[in-house]
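Asks: My questions will all concern the structure given below.
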Amino acid sequence: AIISKFVNMLTELRRAFSQSAWLERREVVGSSLLFVYDDATDDTHADVKMIDFAKTMLLPDGRRLSHRAPWSVGNREDGFLFGLDNLIAVWERVLSRSSAEDAARQGHSDGHKDRYAHAHAHADADAHAHSRTHTGAETRTA
């Protein structure tokens with residue numbers, strides 16, 4: 001649940017920054033994303049905050065950045081959105097793997113219950129047959 005909250009928040013952050021005229025006019029260097037969560041209650045609180053803006057600079061001469069283009073000398077591309085795209089992809093893989101493991105665990109657990117019930121039913125049937133054999137009410141032949 002926490003991972004899906006992070007993915008949703010990062011996706012919303014990417015959507016907002018991808019459409020931001022403010023961001024396209026700024027070079028973002030050295031900023032960070034702070035992941036906060038508290039699972040002490042039934043309703044897990046999660047948040048992602050962008051922090052450390054000390055080196056965020058307004059670009060000169062009305063220049064604009066895509067924040068996804070490869071960096072080269074003098075182009076001032078910082079890769080902010082490129083990094084955010086990759087971070088979302090990593091969290092989505094973690095979520096996918098976690099979901100697959102949960103499903104496998106659930107399948108193993110259900111399979112264990114089925115095998116237990118099947119074995120238990122056979123044991124009951126064998127015990128019942130054995131009981132009837134020893135009381136003389138019924139004899140078993142092999």
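Following the order of the structure tokens, chains are lettered A, B, ..., residues in each are numbered from 1, and ligands are numbered from 1.
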Just list as a compact mmCIF listing (two decimals) with N, CA and C atoms, in the first residue's frame whatever in range 37-98 of chain A DSSP marks as strand (DSSP E).
Replies:
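What follows is the written file states-v1.txt:
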# COMPACT_ATOMS: atom_id res chain seq x y z
N TYR A 37 6.85 8.51 5.64
CA TYR A 37 5.70 7.67 5.90
C TYR A 37 5.62 7.31 7.37
N ASP A 38 4.39 7.02 7.77
CA ASP A 38 4.13 6.61 9.15
C ASP A 38 3.09 5.51 9.08
N HIS A 45 0.12 6.98 6.59
CA HIS A 45 0.37 8.30 6.02
C HIS A 45 1.65 8.23 5.20
N ALA A 46 1.60 8.78 4.00
CA ALA A 46 2.78 8.82 3.15
C ALA A 46 2.81 10.17 2.42
N ASP A 47 4.01 10.66 2.18
CA ASP A 47 4.16 11.92 1.46
C ASP A 47 5.52 11.95 0.79
N VAL A 48 5.59 12.68 -0.31
CA VAL A 48 6.85 12.92 -1.01
C VAL A 48 6.97 14.43 -1.16
N LYS A 49 8.07 14.97 -0.69
CA LYS A 49 8.31 16.42 -0.75
C LYS A 49 9.60 16.69 -1.50
N MET A 50 9.59 17.74 -2.30
CA MET A 50 10.81 18.20 -2.95
C MET A 50 11.47 19.21 -2.01
N ILE A 51 12.75 18.98 -1.73
CA ILE A 51 13.47 19.84 -0.78
C ILE A 51 14.80 20.28 -1.39
N MET A 57 18.22 27.91 -9.98
CA MET A 57 18.49 29.23 -10.57
C MET A 57 17.56 29.54 -11.74
N LEU A 58 17.12 30.79 -11.82
CA LEU A 58 16.38 31.27 -12.97
C LEU A 58 17.35 31.33 -14.15
Asks: Considering only C-alpha atoms, return as JSON, numbers by chain whatever protein or nucleic-acid residues lie within 9 Å of range 6-17 of chain A, sequence-local ones (same chain, fewer than 3 positions apart) excluded.
Replies: {"A": [1, 2, 3, 20, 21, 22, 23, 24, 35, 46, 47, 48, 81, 84, 85, 87, 88, 89, 91, 92, 95]}
Asks: Keeping C-alpha atoms, export the residues of the selection given above as an mmCIF file, in the first residue's frame.
Replies:
data_model
loop_
_atom_site.group_PDB
_atom_site.id
_atom_site.type_symbol
_atom_site.label_atom_id
_atom_site.label_comp_id
_atom_site.auth_asym_id
_atom_site.auth_seq_id
_atom_site.Cartn_x
_atom_site.Cartn_y
_atom_site.Cartn_z
ATOM 1 C CA ALA A 1 0.000 0.000 0.000
ATOM 2 C CA ILE A 2 2.809 2.412 0.871
ATOM 3 C CA ILE A 3 4.612 1.791 -2.414
ATOM 4 C CA SER A 20 5.139 23.915 -15.086
ATOM 5 C CA ALA A 21 6.260 27.137 -16.754
ATOM 6 C CA TRP A 22 8.127 27.860 -13.506
ATOM 7 C CA LEU A 23 10.243 24.706 -13.814
ATOM 8 C CA GLU A 24 11.068 25.078 -17.495
ATOM 9 C CA PHE A 35 9.965 10.280 1.330
ATOM 10 C CA ALA A 46 2.780 8.823 3.147
ATOM 11 C CA ASP A 47 4.157 11.918 1.456
ATOM 12 C CA VAL A 48 6.853 12.923 -1.008
ATOM 13 C CA LEU A 81 12.304 15.074 -15.040
ATOM 14 C CA LEU A 84 11.847 11.501 -11.828
ATOM 15 C CA ASP A 85 10.788 9.269 -14.761
ATOM 16 C CA LEU A 87 12.512 6.890 -10.067
ATOM 17 C CA ILE A 88 8.861 6.206 -10.897
ATOM 18 C CA ALA A 89 9.898 3.264 -13.095
ATOM 19 C CA TRP A 91 9.142 2.149 -7.717
ATOM 20 C CA GLU A 92 6.697 0.606 -10.242
ATOM 21 C CA LEU A 95 5.408 -2.515 -6.649
#
Asks: Would you please give, as a ChimeraX atom specification, all residues of range 1-126 of chain A that DSSP assigns to alpha helix (DSSP H) based on the backbone?
Replies: /A:2-18,21-24,80-126
Asks: Dump C-alpha atoms for the selected residues as a compact mmCIF listing (two decimals), in the first residue's frame?
Replies:
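As written to disk, again_16.txt reads:
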# COMPACT_ATOMS: atom_id res chain seq x y z
CA ILE A 2 2.81 2.41 0.87
CA ILE A 3 4.61 1.79 -2.41
CA SER A 4 1.51 2.50 -4.48
CA LYS A 5 1.04 5.75 -2.54
CA PHE A 6 4.61 6.77 -3.38
CA VAL A 7 4.10 5.89 -7.07
CA ASN A 8 0.89 7.94 -7.19
CA MET A 9 2.53 10.94 -5.51
CA LEU A 10 5.60 10.81 -7.75
CA THR A 11 3.38 10.50 -10.82
CA GLU A 12 1.39 13.55 -9.73
CA LEU A 13 4.61 15.45 -9.03
CA ARG A 14 5.87 14.57 -12.52
CA ARG A 15 2.59 15.66 -14.11
CA ALA A 16 2.65 19.00 -12.31
CA PHE A 17 6.32 19.71 -13.05
CA SER A 18 6.01 18.57 -16.69
CA ALA A 21 6.26 27.14 -16.75
CA TRP A 22 8.13 27.86 -13.51
CA LEU A 23 10.24 24.71 -13.81
CA GLU A 24 11.07 25.08 -17.49
CA PHE A 80 15.27 16.57 -13.13
CA LEU A 81 12.30 15.07 -15.04
CA PHE A 82 14.50 12.33 -16.52
CA GLY A 83 15.45 11.32 -12.98
CA LEU A 84 11.85 11.50 -11.83
CA ASP A 85 10.79 9.27 -14.76
CA ASN A 86 13.43 6.72 -13.75
CA LEU A 87 12.51 6.89 -10.07
CA ILE A 88 8.86 6.21 -10.90
CA ALA A 89 9.90 3.26 -13.10
CA VAL A 90 11.97 1.79 -10.25
CA TRP A 91 9.14 2.15 -7.72
CA GLU A 92 6.70 0.61 -10.24
CA ARG A 93 9.02 -2.41 -10.63
CA VAL A 94 9.21 -2.72 -6.84
CA LEU A 95 5.41 -2.52 -6.65
CA SER A 96 5.02 -5.10 -9.41
CA ARG A 97 7.48 -7.48 -7.76
CA SER A 98 5.83 -6.95 -4.37
CA SER A 99 2.39 -7.64 -5.85
CA ALA A 100 3.67 -10.79 -7.58
CA GLU A 101 5.26 -12.03 -4.34
CA ASP A 102 2.06 -11.32 -2.41
CA ALA A 103 0.06 -13.26 -5.02
CA ALA A 104 2.52 -16.16 -4.90
CA ARG A 105 2.39 -16.17 -1.11
CA GLN A 106 -1.39 -16.12 -1.22
CA GLY A 107 -1.42 -18.95 -3.76
CA HIS A 108 1.02 -20.97 -1.65
CA SER A 109 -1.07 -20.31 1.42
CA ASP A 110 -4.30 -21.36 -0.35
CA GLY A 111 -2.55 -24.39 -1.81
CA HIS A 112 -1.33 -25.34 1.66
CA LYS A 113 -4.87 -25.07 2.98
CA ASP A 114 -6.19 -27.23 0.10
CA ARG A 115 -3.51 -29.88 0.65
CA TYR A 116 -4.22 -29.82 4.38
CA ALA A 117 -7.96 -30.22 3.87
CA HIS A 118 -7.42 -33.02 1.33
CA ALA A 119 -4.99 -34.90 3.61
CA HIS A 120 -7.27 -34.37 6.60
CA ALA A 121 -10.28 -35.75 4.70
CA HIS A 122 -8.30 -38.87 3.73
CA ALA A 123 -7.12 -39.34 7.31
CA ASP A 124 -10.71 -39.08 8.55
CA ALA A 125 -11.91 -41.58 5.94
CA ASP A 126 -9.08 -44.00 6.80
Asks: Just the number, please: distance in Å from CA of Arg26 in chain A to CA of Phe53 in chain A, one decimal.
Replies: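 These two atoms are separated by 10.8 Å.
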